[in-house]
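Data from query03.tsv: TSV, C-alpha atoms
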```tsv
chain	number	residue	atom	x	y	z
A	90	ARG	CA	-58.52	-158.64	53.61
A	91	GLY	CA	-62.13	-159.83	53.81
A	92	ALA	CA	-65.20	-158.02	54.97
A	93	ALA	CA	-65.10	-156.21	58.28
A	94	ALA	CA	-66.88	-157.33	61.41
A	95	VAL	CA	-69.19	-154.82	63.06
A	96	VAL	CA	-69.58	-154.77	66.84
A	97	VAL	CA	-72.55	-152.80	68.17
A	98	VAL	CA	-72.33	-151.78	71.81
A	99	PRO	CA	-73.86	-149.31	74.26
A	100	LYS	CA	-71.96	-146.01	74.21
A	101	SER	CA	-70.56	-146.69	77.69
A	102	LEU	CA	-68.69	-149.79	76.43
A	103	VAL	CA	-66.86	-148.33	73.41
A	104	VAL	CA	-63.74	-147.48	75.41
A	105	ASN	CA	-63.75	-150.92	77.06
A	106	TRP	CA	-64.03	-152.75	73.73
A	107	LYS	CA	-61.15	-150.71	72.28
A	108	ALA	CA	-58.98	-151.46	75.31
A	109	GLU	CA	-59.79	-155.19	75.20
A	110	ALA	CA	-59.11	-155.34	71.44
A	111	ALA	CA	-55.73	-153.64	71.95
A	112	ARG	CA	-54.93	-156.07	74.75
A	113	PHE	CA	-56.05	-159.37	73.17
A	114	THR	CA	-55.92	-158.73	69.41
A	115	PRO	CA	-53.37	-155.96	68.80
A	116	SER	CA	-52.90	-157.01	65.16
A	117	LEU	CA	-56.53	-156.21	64.26
A	118	SER	CA	-57.33	-152.77	62.92
A	119	ILE	CA	-60.25	-151.25	64.84
A	120	LEU	CA	-62.38	-148.37	63.61
A	121	ASP	CA	-64.17	-146.38	66.30
A	122	TYR	CA	-67.20	-145.49	64.23
A	123	THR	CA	-68.84	-143.10	66.68
A	124	GLY	CA	-69.10	-139.36	67.12
A	125	ILE	CA	-69.53	-136.53	64.66
A	126	GLU	CA	-66.35	-137.31	62.69
A	127	ARG	CA	-67.47	-140.85	61.80
A	128	GLY	CA	-68.78	-139.87	58.34
A	129	ARG	CA	-65.31	-139.47	56.91
A	130	HIS	CA	-64.74	-143.23	57.45
A	131	ALA	CA	-68.04	-144.38	55.94
A	132	ALA	CA	-66.64	-145.25	52.52
A	133	HIS	CA	-63.66	-147.12	53.97
A	134	LEU	CA	-65.16	-149.68	56.36
A	135	GLU	CA	-63.57	-152.53	54.40
A	136	ASP	CA	-60.14	-151.12	55.31
A	137	TYR	CA	-60.65	-152.28	58.91
A	138	ASP	CA	-60.96	-155.65	60.59
A	139	VAL	CA	-63.52	-154.46	63.15
A	140	VAL	CA	-65.94	-151.55	63.03
A	141	LEU	CA	-66.97	-150.59	66.55
A	142	THR	CA	-70.19	-148.58	66.79
A	143	THR	CA	-73.07	-147.85	69.15
A	144	TYR	CA	-76.75	-148.67	68.98
A	145	GLY	CA	-77.50	-144.95	68.61
A	146	THR	CA	-75.05	-144.50	65.75
A	147	LEU	CA	-76.44	-147.57	64.03
A	148	ARG	CA	-79.98	-146.18	64.28
A	149	ASN	CA	-78.83	-142.89	62.76
A	150	ASP	CA	-76.75	-144.43	59.97
A	151	ILE	CA	-78.78	-147.54	59.09
A	152	ASP	CA	-79.83	-146.10	55.72
A	153	TRP	CA	-76.36	-146.62	54.29
A	154	MET	CA	-74.98	-149.25	56.71
A	155	GLN	CA	-77.57	-151.78	55.56
A	156	ALA	CA	-75.88	-151.79	52.14
A	157	VAL	CA	-72.61	-153.09	53.66
A	158	VAL	CA	-72.16	-156.86	53.94
A	159	PHE	CA	-70.19	-157.57	57.11
A	160	ASP	CA	-68.37	-160.79	57.92
A	161	TYR	CA	-69.70	-160.77	61.49
A	162	ILE	CA	-72.36	-158.73	63.21
A	163	VAL	CA	-71.89	-158.80	66.98
A	164	LEU	CA	-74.33	-157.23	69.42
A	165	ASP	CA	-73.01	-156.66	72.93
A	166	GLU	CA	-75.63	-156.12	75.63
A	167	ALA	CA	-78.07	-157.48	73.07
A	168	GLN	CA	-81.00	-156.97	75.40
A	169	ALA	CA	-80.97	-153.51	73.80
A	170	ILE	CA	-83.11	-155.10	71.06
A	171	LYS	CA	-85.53	-156.89	73.40
A	172	ASN	CA	-88.47	-154.85	72.12
A	173	PRO	CA	-88.94	-156.15	68.55
A	174	SER	CA	-90.88	-153.06	67.45
A	175	SER	CA	-88.24	-150.58	68.66
A	176	ILE	CA	-86.25	-148.58	66.11
A	177	THR	CA	-83.05	-150.16	67.44
A	178	ALA	CA	-84.31	-153.73	66.93
A	179	LYS	CA	-85.56	-152.92	63.45
A	180	ALA	CA	-82.23	-151.30	62.54
A	181	VAL	CA	-80.07	-154.26	63.61
A	182	ARG	CA	-82.33	-156.63	61.69
A	183	LEU	CA	-81.60	-154.60	58.54
A	184	LEU	CA	-77.84	-155.19	58.84
A	185	ARG	CA	-76.41	-157.75	56.44
A	186	GLY	CA	-73.75	-160.18	57.57
A	187	ARG	CA	-72.50	-163.71	57.05
A	188	ARG	CA	-72.50	-164.54	60.76
A	189	ARG	CA	-74.35	-163.09	63.74
A	190	LEU	CA	-73.71	-163.17	67.47
A	191	ALA	CA	-75.70	-161.69	70.35
A	192	LEU	CA	-74.05	-161.30	73.76
A	193	SER	CA	-76.25	-160.74	76.79
A	194	GLY	CA	-76.17	-161.44	80.47
A	195	THR	CA	-79.96	-161.05	80.55
A	196	PRO	CA	-81.50	-162.35	77.32
A	197	VAL	CA	-84.93	-162.47	78.96
A	198	GLU	CA	-85.71	-159.82	81.55
A	199	ASN	CA	-89.51	-159.60	81.51
A	200	HIS	CA	-91.10	-162.12	79.13
A	201	LEU	CA	-90.27	-164.61	76.38
A	202	GLY	CA	-91.11	-162.10	73.64
A	203	GLU	CA	-87.69	-160.58	74.31
A	204	LEU	CA	-86.13	-163.91	73.36
A	205	TRP	CA	-88.07	-163.82	70.09
A	206	SER	CA	-86.52	-160.46	69.26
A	207	LEU	CA	-82.98	-161.78	69.81
A	208	PHE	CA	-83.61	-164.85	67.66
A	209	GLU	CA	-85.26	-162.81	64.92
A	210	PHE	CA	-81.93	-160.97	64.65
A	211	LEU	CA	-79.81	-164.12	64.92
A	212	ASN	CA	-81.81	-166.45	62.69
A	213	PRO	CA	-84.76	-164.67	61.07
A	214	GLY	CA	-87.94	-166.72	60.94
A	215	MET	CA	-86.68	-169.51	63.20
A	216	LEU	CA	-89.34	-168.88	65.85
A	217	GLY	CA	-92.05	-167.87	63.39
A	218	GLY	CA	-93.75	-164.52	63.37
A	219	VAL	CA	-93.93	-162.43	66.51
A	220	SER	CA	-97.71	-162.79	66.80
A	221	VAL	CA	-97.58	-166.60	66.51
A	222	PHE	CA	-94.74	-166.78	69.03
A	223	ALA	CA	-96.55	-164.46	71.43
A	224	LYS	CA	-99.72	-166.51	71.19
A	225	SER	CA	-97.83	-169.76	71.82
A	226	PHE	CA	-95.28	-168.72	74.44
A	227	THR	CA	-96.19	-165.49	76.16
A	228	SER	CA	-99.76	-166.00	77.34
A	229	ARG	CA	-100.89	-164.33	80.54
A	230	GLY	CA	-101.26	-167.71	82.24
A	231	GLY	CA	-97.62	-168.49	81.62
A	232	VAL	CA	-96.03	-171.32	79.70
A	233	ASP	CA	-96.77	-174.89	80.73
A	234	GLU	CA	-93.86	-177.12	81.64
A	235	ALA	CA	-93.99	-179.25	78.47
A	236	THR	CA	-93.96	-176.16	76.23
A	237	ALA	CA	-91.08	-174.65	78.19
A	238	ARG	CA	-89.09	-177.89	77.78
A	239	LEU	CA	-89.81	-177.95	74.05
A	240	LEU	CA	-88.64	-174.35	73.60
A	241	SER	CA	-85.57	-174.95	75.74
A	242	ARG	CA	-84.61	-178.06	73.77
A	243	ALA	CA	-85.11	-176.26	70.42
A	244	LEU	CA	-82.94	-173.29	71.44
A	245	ARG	CA	-80.20	-175.15	73.34
A	246	PRO	CA	-77.87	-175.56	70.32
A	247	PHE	CA	-77.90	-171.80	69.78
A	248	ILE	CA	-77.18	-170.62	73.31
A	249	LEU	CA	-73.87	-170.69	75.12
A	250	ARG	CA	-74.57	-170.12	78.78
A	251	ARG	CA	-71.90	-169.58	81.40
A	252	THR	CA	-72.32	-169.22	85.11
A	253	LYS	CA	-70.56	-166.73	87.37
A	254	SER	CA	-68.33	-169.53	88.70
A	255	GLN	CA	-67.14	-170.30	85.13
A	256	VAL	CA	-66.57	-166.65	84.19
A	257	ALA	CA	-65.16	-165.22	87.41
A	258	PRO	CA	-64.36	-167.95	89.95
A	259	GLU	CA	-62.48	-165.44	92.11
A	260	LEU	CA	-65.72	-163.68	93.04
A	261	PRO	CA	-67.12	-164.61	96.45
A	262	LYS	CA	-70.36	-166.54	96.80
A	263	LYS	CA	-73.53	-164.50	96.77
A	264	VAL	CA	-74.62	-163.48	100.26
A	265	GLU	CA	-78.16	-162.35	100.95
A	266	GLN	CA	-79.12	-160.49	104.06
A	267	THR	CA	-82.68	-159.47	104.90
A	268	LEU	CA	-83.08	-156.43	107.09
A	269	TYR	CA	-86.46	-155.48	108.52
A	270	CYS	CA	-87.34	-151.97	109.51
A	271	GLU	CA	-90.48	-150.44	110.95
A	272	LEU	CA	-92.11	-147.63	109.02
A	273	SER	CA	-93.38	-144.60	110.87
A	274	PRO	CA	-97.17	-144.07	110.63
A	275	PRO	CA	-96.84	-141.43	107.83
A	276	GLU	CA	-94.39	-143.67	105.95
A	277	ARG	CA	-96.74	-146.64	106.35
A	278	ARG	CA	-99.69	-144.61	104.94
A	279	ARG	CA	-97.60	-143.49	101.96
A	280	TYR	CA	-96.37	-147.04	101.37
A	281	GLU	CA	-99.95	-148.35	101.39
A	282	GLU	CA	-101.01	-145.59	98.97
A	283	LEU	CA	-98.28	-146.58	96.55
```

Can you dump the structure from the file as structure tokens?
Amino acid sequence: RGAAAVVVVPKSLVVNWKAEAARFTPSLSILDYTGIERGRHAAHLEDYDVVLTTYGTLRNDIDWMQAVVFDYIVLDEAQAIKNPSSITAKAVRLLRGRRRLALSGTPVENHLGELWSLFEFLNPGMLGGVSVFAKSFTSRGGVDEATARLLSRALRPFILRRTKSQVAPELPKKVEQTLYCELSPPERRRYEEL
């Protein structure tokens, strides 16, 4: 048996990951490395194919987990590390692994700096330092079209993007409906104040 893979997920997804692993890969041994009893498994991670843990557990246990060399490090809902200076982002960057994957439906929610944080985990140094990246790609005036194309072309080989129609074709088309309502005078004043 080789090194284990570690999958880091939000706490709400642990049960789902265990169920999916049992369904699609029943031959893999999965360690649920969460909760107060997790410490008794710490010395035996290599006995499992997959170590499933949470971002919170990783933050708490990073002091010793960074010594383990994993085969894969997988981040689910990787937007959890969008702030590069957060304790969570710093902790995942300390993990050691041969291969890294980041799964996210929203890799960029607010600004391109979030993308830098993901790529600093995936391929450290690829986009330069955070201050250089911020100066080049996250200016208040926005990114010009040529710069956006350059960044898109540079990152394309590293991003697998699927649309809703590819993932879940059975879902109906998106329907938008705009409803207008009149505010009462007190509601209107409060709305204007806000």

ask   = Using all atoms listed in the file, which residues sit within 12 Å of Glu209 in chain A once same-chain residues fewer than 5 positions away are excluded, as a list in words?
value =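 Contacts, in chain order: Ile170, Lys171, Asn172, Pro173, Ser174, Ala178, Lys179, Val181, Arg182, Leu183, Arg189, Leu190, Ala191, Gly202, Glu203, Leu204, Gly214, Met215, Leu216, Gly217, Gly218, Val219 and Phe222 of chain A.
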
key: Polymer residues at most 10 Å from range 242-255 of chain A, all atoms listed in the file, same-chain spacing of 3 or more positions, as a list in words   = Leu190, Ala191, Leu192, Ser193, Gly194, Phe208, Leu211, Asn212, Met215, Leu216, Thr236, Ala237, Arg238, Leu239, Pro258, Glu259, Leu260, Pro261 and Lys262 of chain A

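Of the residues listed (A:Val264, A:Leu272, A:Ala235, A:Ala94), A:Ala94 shows the shortest atom-to-atom separation from Ile162 in chain A; distances use all atoms listed in the file.
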
key: Which of A:Leu134, A:Ala167, A:Ile125, A:Leu184 sits closest to Gln155 in chain A [using only C-alpha atoms]   =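 For Gln155 in chain A, the nearest of the candidates is A:Leu184.
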
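We find CA of Val98 in chain A and CA of Leu147 in chain A to be spaced 9.8 Å apart.
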
Size and centre in Å, one decimal, axis-aligned box, all listed range 107-123 of chain A atoms plus 6 Å per side, as JSON:
```
{"center_x": -60.9, "center_y": -151.2, "center_z": 69.1, "size_x": 27.9, "size_y": 28.3, "size_z": 24.4}
```

request  = May I ask for the distance between CA of Ala110 in chain A and CA of Arg129 in chain A, given in Å to one decimal place?
outcome  = 22.4 Å

Residue among A:Leu102, A:Ala131, A:Ala180, A:Val163 lying closest to Ile151 in chain A, counting only C-alpha atoms =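 Among A:Leu102, A:Ala131, A:Ala180, A:Val163, it is A:Ala180 that comes nearest to Ile151 in chain A.
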